[in-house]
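**Student:** So I've got this file, input-v6.pdb, and it contains PDB, C-alpha atoms:
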ATOM      1  CA  MET A   1       2.288 -83.905 -63.185
ATOM      2  CA  ILE A   2       1.670 -80.754 -61.180
ATOM      3  CA  VAL A   3       2.220 -79.943 -57.520
ATOM      4  CA  THR A   4       0.100 -77.314 -55.788
ATOM      5  CA  LEU A   5       0.707 -75.440 -52.564
ATOM      6  CA  THR A   6      -2.229 -74.139 -50.520
ATOM      7  CA  PRO A   7      -0.854 -72.644 -47.288
ATOM      8  CA  ASN A   8      -4.290 -71.473 -46.098
ATOM      9  CA  PRO A   9      -6.776 -74.216 -47.090
ATOM     10  CA  SER A  10     -10.349 -74.434 -45.903
ATOM     11  CA  ILE A  11     -13.546 -76.337 -45.648
ATOM     12  CA  ASP A  12     -15.848 -74.544 -48.083
ATOM     13  CA  ARG A  13     -19.375 -74.569 -46.703
ATOM     14  CA  THR A  14     -21.913 -73.549 -49.338
ATOM     15  CA  ILE A  15     -25.498 -72.695 -48.495
ATOM     16  CA  GLU A  16     -27.868 -72.339 -51.449
ATOM     17  CA  LEU A  17     -30.592 -69.840 -50.667
ATOM     18  CA  SER A  18     -34.218 -70.076 -51.792
ATOM     19  CA  GLU A  19     -34.469 -66.308 -52.341
ATOM     20  CA  PRO A  20     -32.214 -63.249 -52.694
ATOM     21  CA  LEU A  21     -30.031 -62.421 -49.717
ATOM     22  CA  GLU A  22     -31.485 -59.703 -47.488
ATOM     23  CA  ARG A  23     -29.378 -58.156 -44.769
ATOM     24  CA  GLY A  24     -31.094 -58.633 -41.417
ATOM     25  CA  GLY A  25     -33.725 -60.955 -42.855
ATOM     26  CA  VAL A  26     -34.598 -64.606 -42.244
ATOM     27  CA  ILE A  27     -34.024 -66.715 -45.343
ATOM     28  CA  ARG A  28     -34.503 -70.421 -45.915
ATOM     29  CA  SER A  29     -31.787 -72.529 -47.471
ATOM     30  CA  VAL A  30     -32.298 -75.125 -50.180
ATOM     31  CA  THR A  31     -29.127 -77.150 -49.604
ATOM     32  CA  ALA A  32     -25.977 -76.936 -47.516
ATOM     33  CA  HIS A  33     -22.794 -78.929 -48.034
ATOM     34  CA  ASP A  34     -19.091 -78.903 -47.207
ATOM     35  CA  GLU A  35     -16.237 -79.430 -49.667
ATOM     36  CA  ALA A  36     -12.459 -79.397 -49.467
ATOM     37  CA  GLY A  37     -11.365 -75.916 -50.476
ATOM     38  CA  GLY A  38      -8.476 -73.589 -51.101
ATOM     39  CA  LYS A  39      -7.142 -72.496 -54.481
ATOM     40  CA  GLY A  40      -4.407 -75.114 -54.862
ATOM     41  CA  VAL A  41      -6.706 -77.858 -53.581
ATOM     42  CA  ASN A  42      -9.279 -76.872 -56.203
ATOM     43  CA  VAL A  43      -6.685 -76.813 -58.981
ATOM     44  CA  ALA A  44      -5.436 -80.269 -57.992
ATOM     45  CA  GLN A  45      -8.983 -81.652 -58.043
ATOM     46  CA  VAL A  46      -9.701 -80.345 -61.538
ATOM     47  CA  VAL A  47      -6.366 -81.465 -62.975
ATOM     48  CA  ARG A  48      -6.928 -84.931 -61.520
ATOM     49  CA  LYS A  49     -10.447 -85.078 -62.992
ATOM     50  CA  GLY A  50      -8.880 -84.064 -66.299
ATOM     51  CA  GLY A  51      -6.807 -87.234 -66.267
ATOM     52  CA  HIS A  52      -3.462 -85.921 -65.058
ATOM     53  CA  LEU A  53      -1.406 -86.447 -61.910
ATOM     54  CA  ALA A  54      -1.603 -83.785 -59.231
ATOM     55  CA  VAL A  55      -0.253 -83.582 -55.690
ATOM     56  CA  ALA A  56      -1.670 -81.035 -53.254
ATOM     57  CA  VAL A  57       0.621 -79.787 -50.466
ATOM     58  CA  LEU A  58      -1.141 -78.149 -47.533
ATOM     59  CA  PRO A  59      -1.153 -77.825 -43.740
ATOM     60  CA  GLY A  60      -3.545 -80.037 -41.780
ATOM     61  CA  ASP A  61      -3.851 -82.988 -39.430
ATOM     62  CA  HIS A  62      -4.674 -86.513 -40.599
ATOM     63  CA  ASP A  63      -8.101 -86.527 -38.921
ATOM     64  CA  ASP A  64      -9.058 -83.035 -40.073
ATOM     65  CA  PRO A  65     -12.344 -83.089 -42.066
ATOM     66  CA  LEU A  66     -10.529 -81.341 -44.916
ATOM     67  CA  LEU A  67      -8.006 -84.165 -45.317
ATOM     68  CA  THR A  68     -10.713 -86.767 -44.829
ATOM     69  CA  ARG A  69     -12.569 -85.219 -47.757
ATOM     70  CA  LEU A  70      -9.426 -85.220 -49.909
ATOM     71  CA  ARG A  71      -9.007 -88.940 -49.258
ATOM     72  CA  GLU A  72     -12.655 -89.513 -50.225
ATOM     73  CA  LEU A  73     -12.057 -87.615 -53.462
ATOM     74  CA  GLY A  74      -8.897 -89.575 -54.201
ATOM     75  CA  VAL A  75      -6.762 -86.423 -54.316
ATOM     76  CA  THR A  76      -3.110 -87.204 -53.643
ATOM     77  CA  HIS A  77      -1.796 -84.867 -50.977
ATOM     78  CA  ARG A  78       1.072 -84.200 -48.596
ATOM     79  CA  ALA A  79       0.019 -82.581 -45.336
ATOM     80  CA  VAL A  80       2.078 -80.820 -42.676
ATOM     81  CA  PRO A  81       0.494 -81.365 -39.220
ATOM     82  CA  THR A  82      -0.608 -78.228 -37.377
ATOM     83  CA  GLY A  83      -2.534 -79.406 -34.298
ATOM     84  CA  ALA A  84      -5.397 -77.067 -35.251
ATOM     85  CA  ALA A  85      -8.610 -77.446 -37.231
ATOM     86  CA  SER A  86      -8.821 -76.061 -40.768
ATOM     87  CA  ARG A  87     -10.802 -72.869 -41.184
ATOM     88  CA  VAL A  88     -14.361 -72.913 -42.537
ATOM     89  CA  ASN A  89     -15.281 -70.464 -45.299
ATOM     90  CA  LEU A  90     -18.958 -69.733 -45.857
ATOM     91  CA  THR A  91     -20.544 -69.080 -49.254
ATOM     92  CA  LEU A  92     -24.137 -67.903 -49.606
ATOM     93  CA  ALA A  93     -25.419 -68.688 -53.108
ATOM     94  CA  GLU A  94     -28.511 -66.857 -54.331
ATOM     95  CA  PRO A  95     -30.897 -68.324 -56.948
ATOM     96  CA  ASP A  96     -29.528 -66.068 -59.734
ATOM     97  CA  GLY A  97     -25.954 -67.271 -59.172
ATOM     98  CA  VAL A  98     -24.740 -64.304 -57.115
ATOM     99  CA  THR A  99     -22.512 -65.512 -54.292
ATOM    100  CA  THR A 100     -21.468 -63.854 -51.049
ATOM    101  CA  LYS A 101     -18.319 -65.230 -49.411
ATOM    102  CA  ILE A 102     -17.300 -64.953 -45.767
ATOM    103  CA  ASN A 103     -13.721 -66.167 -45.346
ATOM    104  CA  ALA A 104     -12.185 -67.042 -41.990
ATOM    105  CA  PRO A 105      -8.564 -65.960 -41.344
ATOM    106  CA  GLY A 106      -7.048 -69.443 -41.048
ATOM    107  CA  THR A 107      -4.567 -71.185 -38.761
ATOM    108  CA  GLU A 108      -1.323 -69.512 -37.705
ATOM    109  CA  LEU A 109       1.698 -71.577 -38.745
ATOM    110  CA  THR A 110       5.087 -71.762 -37.060
ATOM    111  CA  ALA A 111       8.347 -71.088 -38.857
ATOM    112  CA  ASP A 112       9.099 -74.836 -38.753
ATOM    113  CA  GLN A 113       5.728 -75.660 -40.334
ATOM    114  CA  LEU A 114       6.287 -73.122 -43.091
ATOM    115  CA  ASP A 115       9.741 -74.556 -43.770
ATOM    116  CA  GLN A 116       8.262 -78.037 -43.920
ATOM    117  CA  LEU A 117       5.687 -76.887 -46.477
ATOM    118  CA  ILE A 118       8.513 -75.556 -48.648
ATOM    119  CA  ARG A 119      10.425 -78.838 -48.308
ATOM    120  CA  GLU A 120       7.335 -80.842 -49.287
ATOM    121  CA  VAL A 121       6.784 -78.703 -52.383
ATOM    122  CA  ALA A 122      10.445 -78.989 -53.357
ATOM    123  CA  ARG A 123      10.336 -82.774 -52.926
ATOM    124  CA  GLU A 124       7.177 -83.197 -55.021
ATOM    125  CA  ALA A 125       8.405 -80.724 -57.648
ATOM    126  CA  VAL A 126      11.143 -83.127 -58.730
ATOM    127  CA  GLY A 127       9.798 -84.600 -61.945
ATOM    128  CA  ALA A 128       6.756 -82.310 -62.006
ATOM    129  CA  ARG A 129       6.072 -79.958 -64.908
ATOM    130  CA  TRP A 130       4.316 -77.215 -62.941
ATOM    131  CA  ALA A 131       4.317 -75.915 -59.376
ATOM    132  CA  VAL A 132       1.213 -73.893 -58.534
ATOM    133  CA  LEU A 133       1.458 -71.500 -55.568
ATOM    134  CA  SER A 134      -1.970 -70.179 -54.811
ATOM    135  CA  GLY A 135      -4.343 -68.551 -52.393
ATOM    136  CA  SER A 136      -4.149 -66.287 -49.390
ATOM    137  CA  LEU A 137      -1.536 -66.665 -46.668
ATOM    138  CA  PRO A 138      -2.288 -67.650 -43.067
ATOM    139  CA  PRO A 139      -2.279 -64.933 -40.386
ATOM    140  CA  GLY A 140       1.174 -63.654 -39.503
ATOM    141  CA  VAL A 141       2.955 -65.098 -42.557
ATOM    142  CA  ASP A 142       5.227 -62.670 -44.385
ATOM    143  CA  ALA A 143       3.759 -61.534 -47.705
ATOM    144  CA  GLY A 144       6.920 -62.711 -49.474
ATOM    145  CA  PHE A 145       6.364 -66.353 -48.520
ATOM    146  CA  TYR A 146       5.705 -67.493 -52.081
ATOM    147  CA  ALA A 147       9.035 -65.989 -53.126
ATOM    148  CA  ASP A 148      10.619 -68.075 -50.341
ATOM    149  CA  VAL A 149       8.988 -71.143 -51.887
ATOM    150  CA  ILE A 150      10.329 -70.259 -55.324
ATOM    151  CA  ASP A 151      13.800 -69.808 -53.806
ATOM    152  CA  GLY A 152      13.518 -73.306 -52.333
ATOM    153  CA  ILE A 153      12.514 -75.104 -55.530
ATOM    154  CA  HIS A 154      15.304 -76.560 -57.611
ATOM    155  CA  ALA A 155      13.880 -78.851 -60.288
ATOM    156  CA  ASP A 156      14.905 -78.997 -63.935
ATOM    157  CA  GLY A 157      12.172 -78.064 -66.373
ATOM    158  CA  LEU A 158       9.735 -76.970 -63.659
ATOM    159  CA  ARG A 159       7.420 -74.081 -64.506
ATOM    160  CA  ILE A 160       5.833 -71.910 -61.826
ATOM    161  CA  ALA A 161       2.328 -70.451 -61.672
ATOM    162  CA  VAL A 162       1.240 -67.993 -58.980
ATOM    163  CA  ASP A 163      -2.360 -67.157 -58.101
ATOM    164  CA  THR A 164      -2.538 -64.776 -55.173
ATOM    165  CA  SER A 165      -3.383 -61.116 -54.712
ATOM    166  CA  GLY A 166      -2.667 -57.923 -52.817
ATOM    167  CA  GLU A 167       0.601 -57.573 -50.953
ATOM    168  CA  SER A 168       1.350 -61.268 -51.378
ATOM    169  CA  LEU A 169       1.346 -60.934 -55.181
ATOM    170  CA  ARG A 170       3.228 -57.657 -55.055
ATOM    171  CA  LYS A 171       6.084 -58.957 -52.894
ATOM    172  CA  THR A 172       6.296 -62.236 -54.805
ATOM    173  CA  LEU A 173       6.740 -60.346 -58.069
ATOM    174  CA  ASP A 174       9.242 -57.944 -56.495
ATOM    175  CA  ARG A 175      11.513 -60.845 -55.595
ATOM    176  CA  ALA A 176      10.806 -63.478 -58.245
ATOM    177  CA  ALA A 177       9.049 -62.042 -61.313
ATOM    178  CA  ASP A 178      11.696 -63.383 -63.690
ATOM    179  CA  ARG A 179      11.144 -66.934 -62.383
ATOM    180  CA  ILE A 180       7.359 -66.961 -62.732
ATOM    181  CA  ASP A 181       5.900 -68.432 -65.902
ATOM    182  CA  LEU A 182       2.266 -67.536 -65.243
ATOM    183  CA  ILE A 183       0.156 -65.386 -62.965
ATOM    184  CA  LYS A 184      -3.648 -65.606 -62.867
ATOM    185  CA  PRO A 185      -5.269 -62.434 -61.560
ATOM    186  CA  ASN A 186      -8.780 -61.193 -62.192
ATOM    187  CA  SER A 187      -9.310 -57.597 -63.297
ATOM    188  CA  ASP A 188      -9.755 -56.285 -59.737
ATOM    189  CA  GLU A 189      -6.565 -57.978 -58.547
ATOM    190  CA  LEU A 190      -4.528 -56.782 -61.532
ATOM    191  CA  GLY A 191      -5.917 -53.269 -61.188
ATOM    192  CA  ASP A 192      -4.938 -53.223 -57.526
ATOM    193  CA  LEU A 193      -1.457 -54.474 -58.354
ATOM    194  CA  LEU A 194      -0.847 -51.837 -61.036
ATOM    195  CA  ASP A 195      -2.833 -49.075 -59.296
ATOM    196  CA  VAL A 196      -5.274 -48.605 -62.195
ATOM    197  CA  PRO A 197      -9.051 -49.112 -62.460
ATOM    198  CA  ALA A 198     -10.159 -52.682 -63.144
ATOM    199  CA  ALA A 199     -12.056 -51.318 -66.152
ATOM    200  CA  MET A 200      -8.715 -50.838 -67.928
ATOM    201  CA  PHE A 201      -8.630 -54.596 -68.451
ATOM    202  CA  GLU A 202     -12.280 -55.171 -69.321
ATOM    203  CA  GLY A 203     -12.566 -53.292 -72.631
ATOM    204  CA  ASP A 204     -10.073 -53.231 -75.497
ATOM    205  CA  PRO A 205      -7.635 -56.183 -75.216
ATOM    206  CA  ARG A 206      -4.834 -53.992 -76.613
ATOM    207  CA  THR A 207      -5.293 -51.562 -73.746
ATOM    208  CA  ALA A 208      -5.182 -54.454 -71.301
ATOM    209  CA  LEU A 209      -1.906 -55.656 -72.813
ATOM    210  CA  GLU A 210      -0.232 -52.255 -72.755
ATOM    211  CA  THR A 211      -1.363 -51.646 -69.180
ATOM    212  CA  ALA A 212      -0.005 -54.999 -68.015
ATOM    213  CA  ARG A 213       3.186 -54.824 -70.094
ATOM    214  CA  PRO A 214       5.389 -53.670 -67.169
ATOM    215  CA  LEU A 215       4.831 -57.083 -65.553
ATOM    216  CA  LEU A 216       5.892 -58.879 -68.723
ATOM    217  CA  ASP A 217       8.930 -56.621 -68.998
ATOM    218  CA  ARG A 218       9.899 -57.667 -65.453
ATOM    219  CA  GLY A 219      10.030 -61.290 -66.593
ATOM    220  CA  VAL A 220       6.574 -62.793 -66.024
ATOM    221  CA  GLY A 221       5.978 -65.255 -68.852
ATOM    222  CA  GLU A 222       2.213 -65.012 -69.317
ATOM    223  CA  ILE A 223      -0.792 -63.445 -67.581
ATOM    224  CA  LEU A 224      -4.047 -65.388 -67.577
ATOM    225  CA  LEU A 225      -6.494 -62.570 -66.845
ATOM    226  CA  THR A 226      -9.928 -63.906 -65.920
ATOM    227  CA  LEU A 227     -12.905 -61.615 -66.528
ATOM    228  CA  GLY A 228     -15.798 -63.600 -65.067
ATOM    229  CA  SER A 229     -18.756 -63.844 -67.435
ATOM    230  CA  LYS A 230     -16.764 -61.925 -70.067
ATOM    231  CA  GLY A 231     -14.236 -64.745 -70.487
ATOM    232  CA  ALA A 232     -10.480 -64.271 -70.235
ATOM    233  CA  LEU A 233      -7.381 -62.811 -71.841
ATOM    234  CA  LEU A 234      -3.951 -64.375 -72.226
ATOM    235  CA  LEU A 235      -1.282 -61.673 -72.222
ATOM    236  CA  SER A 236       2.338 -62.210 -73.247
ATOM    237  CA  HIS A 237       5.109 -60.606 -75.282
ATOM    238  CA  ALA A 238       3.612 -62.446 -78.287
ATOM    239  CA  GLY A 239       0.456 -60.324 -77.989
ATOM    240  CA  VAL A 240      -2.952 -60.810 -76.450
ATOM    241  CA  ARG A 241      -5.500 -63.550 -77.016
ATOM    242  CA  ALA A 242      -9.138 -63.177 -76.018
ATOM    243  CA  ALA A 243     -11.865 -65.766 -75.497
ATOM    244  CA  ALA A 244     -15.465 -64.957 -74.586
ATOM    245  CA  ALA A 245     -17.201 -67.110 -72.004
ATOM    246  CA  PRO A 246     -19.884 -69.451 -73.337
ATOM    247  CA  THR A 247     -23.423 -68.903 -72.129
ATOM    248  CA  VAL A 248     -24.159 -70.997 -69.048
ATOM    249  CA  ILE A 249     -26.695 -70.846 -66.247
ATOM    250  CA  ALA A 250     -24.612 -69.591 -63.329
ATOM    251  CA  ARG A 251     -25.158 -71.417 -60.047
ATOM    252  CA  SER A 252     -22.009 -70.514 -58.113
ATOM    253  CA  THR A 253     -18.795 -68.692 -58.952
ATOM    254  CA  VAL A 254     -16.829 -70.436 -56.173
ATOM    255  CA  GLY A 255     -13.720 -72.017 -57.661
ATOM    256  CA  ALA A 256     -14.327 -70.654 -61.170
ATOM    257  CA  GLY A 257     -10.973 -68.861 -61.279
ATOM    258  CA  ASP A 258      -9.184 -71.920 -59.889
ATOM    259  CA  SER A 259     -10.874 -74.083 -62.518
ATOM    260  CA  ALA A 260      -9.774 -71.652 -65.230
ATOM    261  CA  LEU A 261      -6.172 -71.973 -64.056
ATOM    262  CA  ALA A 262      -6.544 -75.759 -63.990
ATOM    263  CA  GLY A 263      -7.902 -75.711 -67.537
ATOM    264  CA  TYR A 264      -4.860 -73.757 -68.689
ATOM    265  CA  LEU A 265      -2.577 -76.266 -66.951
ATOM    266  CA  ILE A 266      -4.395 -79.237 -68.473
ATOM    267  CA  GLY A 267      -3.794 -77.656 -71.861
ATOM    268  CA  ALA A 268      -0.114 -77.167 -71.025
ATOM    269  CA  LEU A 269       0.243 -80.779 -69.865
ATOM    270  CA  GLU A 270      -1.327 -81.886 -73.151
ATOM    271  CA  SER A 271       1.081 -79.665 -75.145
ATOM    272  CA  ALA A 272      -1.686 -77.355 -76.373
ATOM    273  CA  ASP A 273      -0.668 -74.067 -77.966
ATOM    274  CA  ALA A 274      -1.590 -70.711 -76.434
ATOM    275  CA  ASP A 275      -4.998 -70.713 -78.149
ATOM    276  CA  GLY A 276      -5.777 -74.148 -76.775
ATOM    277  CA  ARG A 277      -4.646 -73.288 -73.255
ATOM    278  CA  LEU A 278      -6.850 -70.186 -73.170
ATOM    279  CA  ALA A 279      -9.859 -72.000 -74.643
ATOM    280  CA  LEU A 280      -9.608 -74.725 -72.001
ATOM    281  CA  ALA A 281      -9.191 -72.127 -69.261
ATOM    282  CA  VAL A 282     -12.413 -70.367 -70.223
ATOM    283  CA  ALA A 283     -14.304 -73.638 -70.697
ATOM    284  CA  TYR A 284     -13.301 -74.986 -67.282
ATOM    285  CA  GLY A 285     -14.023 -71.669 -65.564
ATOM    286  CA  SER A 286     -17.479 -71.507 -67.162
ATOM    287  CA  ALA A 287     -18.176 -75.121 -66.230
ATOM    288  CA  ALA A 288     -17.358 -74.391 -62.585
ATOM    289  CA  ALA A 289     -19.793 -71.460 -62.562
ATOM    290  CA  SER A 290     -22.558 -73.744 -63.845
ATOM    291  CA  LEU A 291     -22.132 -76.253 -60.991
ATOM    292  CA  PRO A 292     -23.559 -75.944 -57.472
ATOM    293  CA  GLY A 293     -21.532 -74.774 -54.497
ATOM    294  CA  SER A 294     -17.832 -75.504 -54.728
ATOM    295  CA  THR A 295     -18.191 -78.534 -57.011
ATOM    296  CA  MET A 296     -15.153 -78.740 -59.291
ATOM    297  CA  PRO A 297     -15.714 -79.598 -62.978
ATOM    298  CA  GLY A 298     -14.434 -82.505 -65.026
ATOM    299  CA  PRO A 299     -14.257 -82.992 -68.815
ATOM    300  CA  GLY A 300     -17.881 -84.129 -68.936
ATOM    301  CA  ASP A 301     -19.041 -80.774 -67.546
ATOM    302  CA  LEU A 302     -17.395 -78.624 -70.212
ATOM    303  CA  PRO A 303     -19.354 -76.448 -72.636
ATOM    304  CA  PRO A 304     -18.074 -76.204 -76.240
ATOM    305  CA  LEU A 305     -14.626 -74.662 -76.376
ATOM    306  CA  PRO A 306     -14.803 -70.933 -77.150
ATOM    307  CA  GLU A 307     -13.211 -69.281 -80.163
ATOM    308  CA  VAL A 308      -9.917 -67.563 -79.433
ATOM    309  CA  VAL A 309      -9.212 -64.220 -81.095
ATOM    310  CA  ARG A 310      -5.594 -63.117 -81.462
ATOM    311  CA  VAL A 311      -4.839 -59.427 -81.125
ATOM    312  CA  GLN A 312      -1.260 -58.322 -81.862
TER     313      GLN A 312
END
Go ahead and render the structure in this file as structure tokens.
**Tutor:**
Amino acid sequence: MIVTLTPNPSIDRTIELSEPLERGGVIRSVTAHDEAGGKGVNVAQVVRKGGHLAVAVLPGDHDDPLLTRLRELGVTHRAVPTGAASRVNLTLAEPDGVTTKINAPGTELTADQLDQLIREVAREAVGARWAVLSGSLPPGVDAGFYADVIDGIHADGLRIAVDTSGESLRKTLDRAADRIDLIKPNSDELGDLLDVPAAMFEGDPRTALETARPLLDRGVGEILLTLGSKGALLLSHAGVRAAAAPTVIARSTVGAGDSALAGYLIGALESADADGRLALAVAYGSAAASLPGSTMPGPGDLPPLPEVVRVQ
């Protein structure tokens, strides 16, 4: 089982456009639909579709459309009431698969609500194999919040994955790097963290490993580095593994990174080795890109698993 924390969830509203986006123009839409969103929510959906137990912890009121949608999807969740509506994030999807995202800031949470989120994660983490802390933080929340969550979790055998960016990732690693088993940045996020160009991670896998090695030396177990249409790398002290993305017709990249993380976790829950975890990560991420809007993939949506190349 896994437990996910999404402190800044959303309704993801996707509008598929009939033509390329033009600033200042008038463009017709093909479809428009709302889905439950937020990184941890997405991960929980994919893991559940993959046949494993997942509990999503998030803020929200019982009658919020976000929680209503989670109940419709059958996603087990624990919600901390806020008295405010969930934010709505807008995605504009062009016919060639290019997406433009407009993210709202989210609901401010009180200190008591933040503490309750930590308590809910700690409670659900008992007996779980992974805790996944992911996404942006609500307005006004200290960037070290995820480190607070890690401090509050005390469960034997629990592994921790973190998928955030910017100052939130930086402060979490400053306080808890040696307790984090996996981080899942993309090349832009990792470049920002290490103050190097994203291109450093998009060419030779050996260069990517040496550039990211300071994070491994600080105690991070593995780095699942997603590279979009180029696939992904899995970096660790054992070396670097690379897997190219299979060819798919891209419809929307929303949730592709979350699906990649979920694929890795499904592999871990099924006791797959590092090659298997990376192959599933790339397959699930590619499947998400081939689906419309923020639709999360299941096993039936997967392309053939990619070949994994080990580079020492």
**Student:** Pick out the closest residue to Val149 (chain A) from this set: A:Ser294, A:Ser259, A:Thr91, A:Thr4. Count all atoms listed in the file.
**Tutor:**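 For Val149 (chain A), the nearest of the candidates is A:Thr4.
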**Student:** For Ser10 (chain A), list every protein, DNA or RNA residue within 7 Å, evaluated using only C-alpha atoms, and leave out those in the same chain fewer than 6 positions away; present the list as a PyMOL selection string.
**Tutor:** chain A and resi 36-38+66+86-89
**Student:** Only C-alpha atoms, please: the residues just picked out, written as a PDB file, in the coordinates of the input.
**Tutor:**
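As written to disk, again-v2.pdb reads:
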ATOM      1  CA  ALA A  36     -12.459 -79.397 -49.467  1.00  0.00           C
ATOM      2  CA  GLY A  37     -11.365 -75.916 -50.476  1.00  0.00           C
ATOM      3  CA  GLY A  38      -8.476 -73.589 -51.101  1.00  0.00           C
ATOM      4  CA  LEU A  66     -10.529 -81.341 -44.916  1.00  0.00           C
ATOM      5  CA  SER A  86      -8.821 -76.061 -40.768  1.00  0.00           C
ATOM      6  CA  ARG A  87     -10.802 -72.869 -41.184  1.00  0.00           C
ATOM      7  CA  VAL A  88     -14.361 -72.913 -42.537  1.00  0.00           C
ATOM      8  CA  ASN A  89     -15.281 -70.464 -45.299  1.00  0.00           C
TER       9      ASN A  89
END
**Student:** Which neighbours of region 298-307 of chain A fall inside 12 Å, counting all atoms listed in the file, when residues of the same chain fewer than 5 positions from it are skipped, and could you give them as a ChimeraX atom specification?
**Tutor:** /A:42-52,230-232,241-249,259-260,262-263,266,275-291
**Student:** Write the residues of the preceding selection, restricted to C-alpha atoms, as a short mmCIF file (atom, residue, chain, number, x, y, z; two decimals), in the frame of the given file.
**Tutor:**
data_model
loop_
_atom_site.label_atom_id
_atom_site.label_comp_id
_atom_site.auth_asym_id
_atom_site.auth_seq_id
_atom_site.Cartn_x
_atom_site.Cartn_y
_atom_site.Cartn_z
CA ASN A 42 -9.28 -76.87 -56.20
CA VAL A 43 -6.68 -76.81 -58.98
CA ALA A 44 -5.44 -80.27 -57.99
CA GLN A 45 -8.98 -81.65 -58.04
CA VAL A 46 -9.70 -80.34 -61.54
CA VAL A 47 -6.37 -81.46 -62.98
CA ARG A 48 -6.93 -84.93 -61.52
CA LYS A 49 -10.45 -85.08 -62.99
CA GLY A 50 -8.88 -84.06 -66.30
CA GLY A 51 -6.81 -87.23 -66.27
CA HIS A 52 -3.46 -85.92 -65.06
CA LYS A 230 -16.76 -61.92 -70.07
CA GLY A 231 -14.24 -64.74 -70.49
CA ALA A 232 -10.48 -64.27 -70.24
CA ARG A 241 -5.50 -63.55 -77.02
CA ALA A 242 -9.14 -63.18 -76.02
CA ALA A 243 -11.86 -65.77 -75.50
CA ALA A 244 -15.46 -64.96 -74.59
CA ALA A 245 -17.20 -67.11 -72.00
CA PRO A 246 -19.88 -69.45 -73.34
CA THR A 247 -23.42 -68.90 -72.13
CA VAL A 248 -24.16 -71.00 -69.05
CA ILE A 249 -26.70 -70.85 -66.25
CA SER A 259 -10.87 -74.08 -62.52
CA ALA A 260 -9.77 -71.65 -65.23
CA ALA A 262 -6.54 -75.76 -63.99
CA GLY A 263 -7.90 -75.71 -67.54
CA ILE A 266 -4.39 -79.24 -68.47
CA ASP A 275 -5.00 -70.71 -78.15
CA GLY A 276 -5.78 -74.15 -76.78
CA ARG A 277 -4.65 -73.29 -73.26
CA LEU A 278 -6.85 -70.19 -73.17
CA ALA A 279 -9.86 -72.00 -74.64
CA LEU A 280 -9.61 -74.72 -72.00
CA ALA A 281 -9.19 -72.13 -69.26
CA VAL A 282 -12.41 -70.37 -70.22
CA ALA A 283 -14.30 -73.64 -70.70
CA TYR A 284 -13.30 -74.99 -67.28
CA GLY A 285 -14.02 -71.67 -65.56
CA SER A 286 -17.48 -71.51 -67.16
CA ALA A 287 -18.18 -75.12 -66.23
CA ALA A 288 -17.36 -74.39 -62.58
CA ALA A 289 -19.79 -71.46 -62.56
CA SER A 290 -22.56 -73.74 -63.84
CA LEU A 291 -22.13 -76.25 -60.99
#
**Student:** So, counting only C-alpha atoms, which residue among A:Gly25, A:Pro197, A:Gly203, A:Pro185 is closest to Ser134 (chain A)?
**Tutor:**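 Closest residue, counting only C-alpha atoms: A:Pro185.
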**Student:** Using all atoms listed in the file for the distances, tell me which of A:Leu114, A:Ala238, A:Ala250, A:Ala93 is nearest to Arg28 (chain A).
**Tutor:**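 Smallest separation from Arg28 (chain A) among the options: A:Ala93.
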**Student:** Which of these residues is nearest to Tyr146 (chain A), using only C-alpha atoms: A:Ile118, A:Ala111, A:Ala128, A:Ala198?
**Tutor:**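 Result for the nearest residue to Tyr146 (chain A): A:Ile118.
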**Student:** Between A:Phe201, A:Tyr264, A:Phe145, A:Trp130, which has the minimum distance to Val3 (chain A) (counting only C-alpha atoms)?
**Tutor:**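 Using only C-alpha atoms, the shortest distance to Val3 (chain A) belongs to A:Trp130.
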**Student:** With only C-alpha atoms as the basis for distance, which of A:Leu235, A:Ile102, A:Ala212, A:Val57 is at the shortest distance from Val80 (chain A)?
**Tutor:** A:Val57
**Student:** What's the separation between CA of Val55 (chain A) and CA of Gly219 (chain A), in Å to one decimal place?
**Tutor:**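 If I compute the distance from CA of Val55 (chain A) to CA of Gly219 (chain A), I get 26.9 Å.
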**Student:** Kindly extract all protein, DNA and RNA residues lying within 9 Å of the coordinates (-32.8, -74.7, -51.3) given in the file, considering all atoms listed in the file, and supply them as an MDAnalysis selection string.
**Tutor:** chainID A and resid 15:19 28:32 95
**Student:** Take the residues from that selection and write them out as a PDB file, keeping the file's coordinate frame, keeping C-alpha atoms.
**Tutor:**
ATOM      1  CA  ILE A  15     -25.498 -72.695 -48.495  1.00  0.00           C
ATOM      2  CA  GLU A  16     -27.868 -72.339 -51.449  1.00  0.00           C
ATOM      3  CA  LEU A  17     -30.592 -69.840 -50.667  1.00  0.00           C
ATOM      4  CA  SER A  18     -34.218 -70.076 -51.792  1.00  0.00           C
ATOM      5  CA  GLU A  19     -34.469 -66.308 -52.341  1.00  0.00           C
ATOM      6  CA  ARG A  28     -34.503 -70.421 -45.915  1.00  0.00           C
ATOM      7  CA  SER A  29     -31.787 -72.529 -47.471  1.00  0.00           C
ATOM      8  CA  VAL A  30     -32.298 -75.125 -50.180  1.00  0.00           C
ATOM      9  CA  THR A  31     -29.127 -77.150 -49.604  1.00  0.00           C
ATOM     10  CA  ALA A  32     -25.977 -76.936 -47.516  1.00  0.00           C
ATOM     11  CA  PRO A  95     -30.897 -68.324 -56.948  1.00  0.00           C
TER      12      PRO A  95
END
**Student:** Just the residues within 6 Å of Ser252 (chain A), please, counting only C-alpha atoms, with nothing from its chain fewer than 3 positions along; format it as an MDAnalysis selection string.
**Tutor:** chainID A and resid 97 289 292:293
**Student:** Could you pull the residues within 10 Å of Ala155 (chain A), counting all atoms listed in the file, minus those fewer than 5 positions along the same chain, as a list in words?
**Tutor:**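 The residues satisfying every condition are Ala122, Arg123, Glu124, Ala125, Val126, Gly127, Ala128 and Arg129 of chain A.
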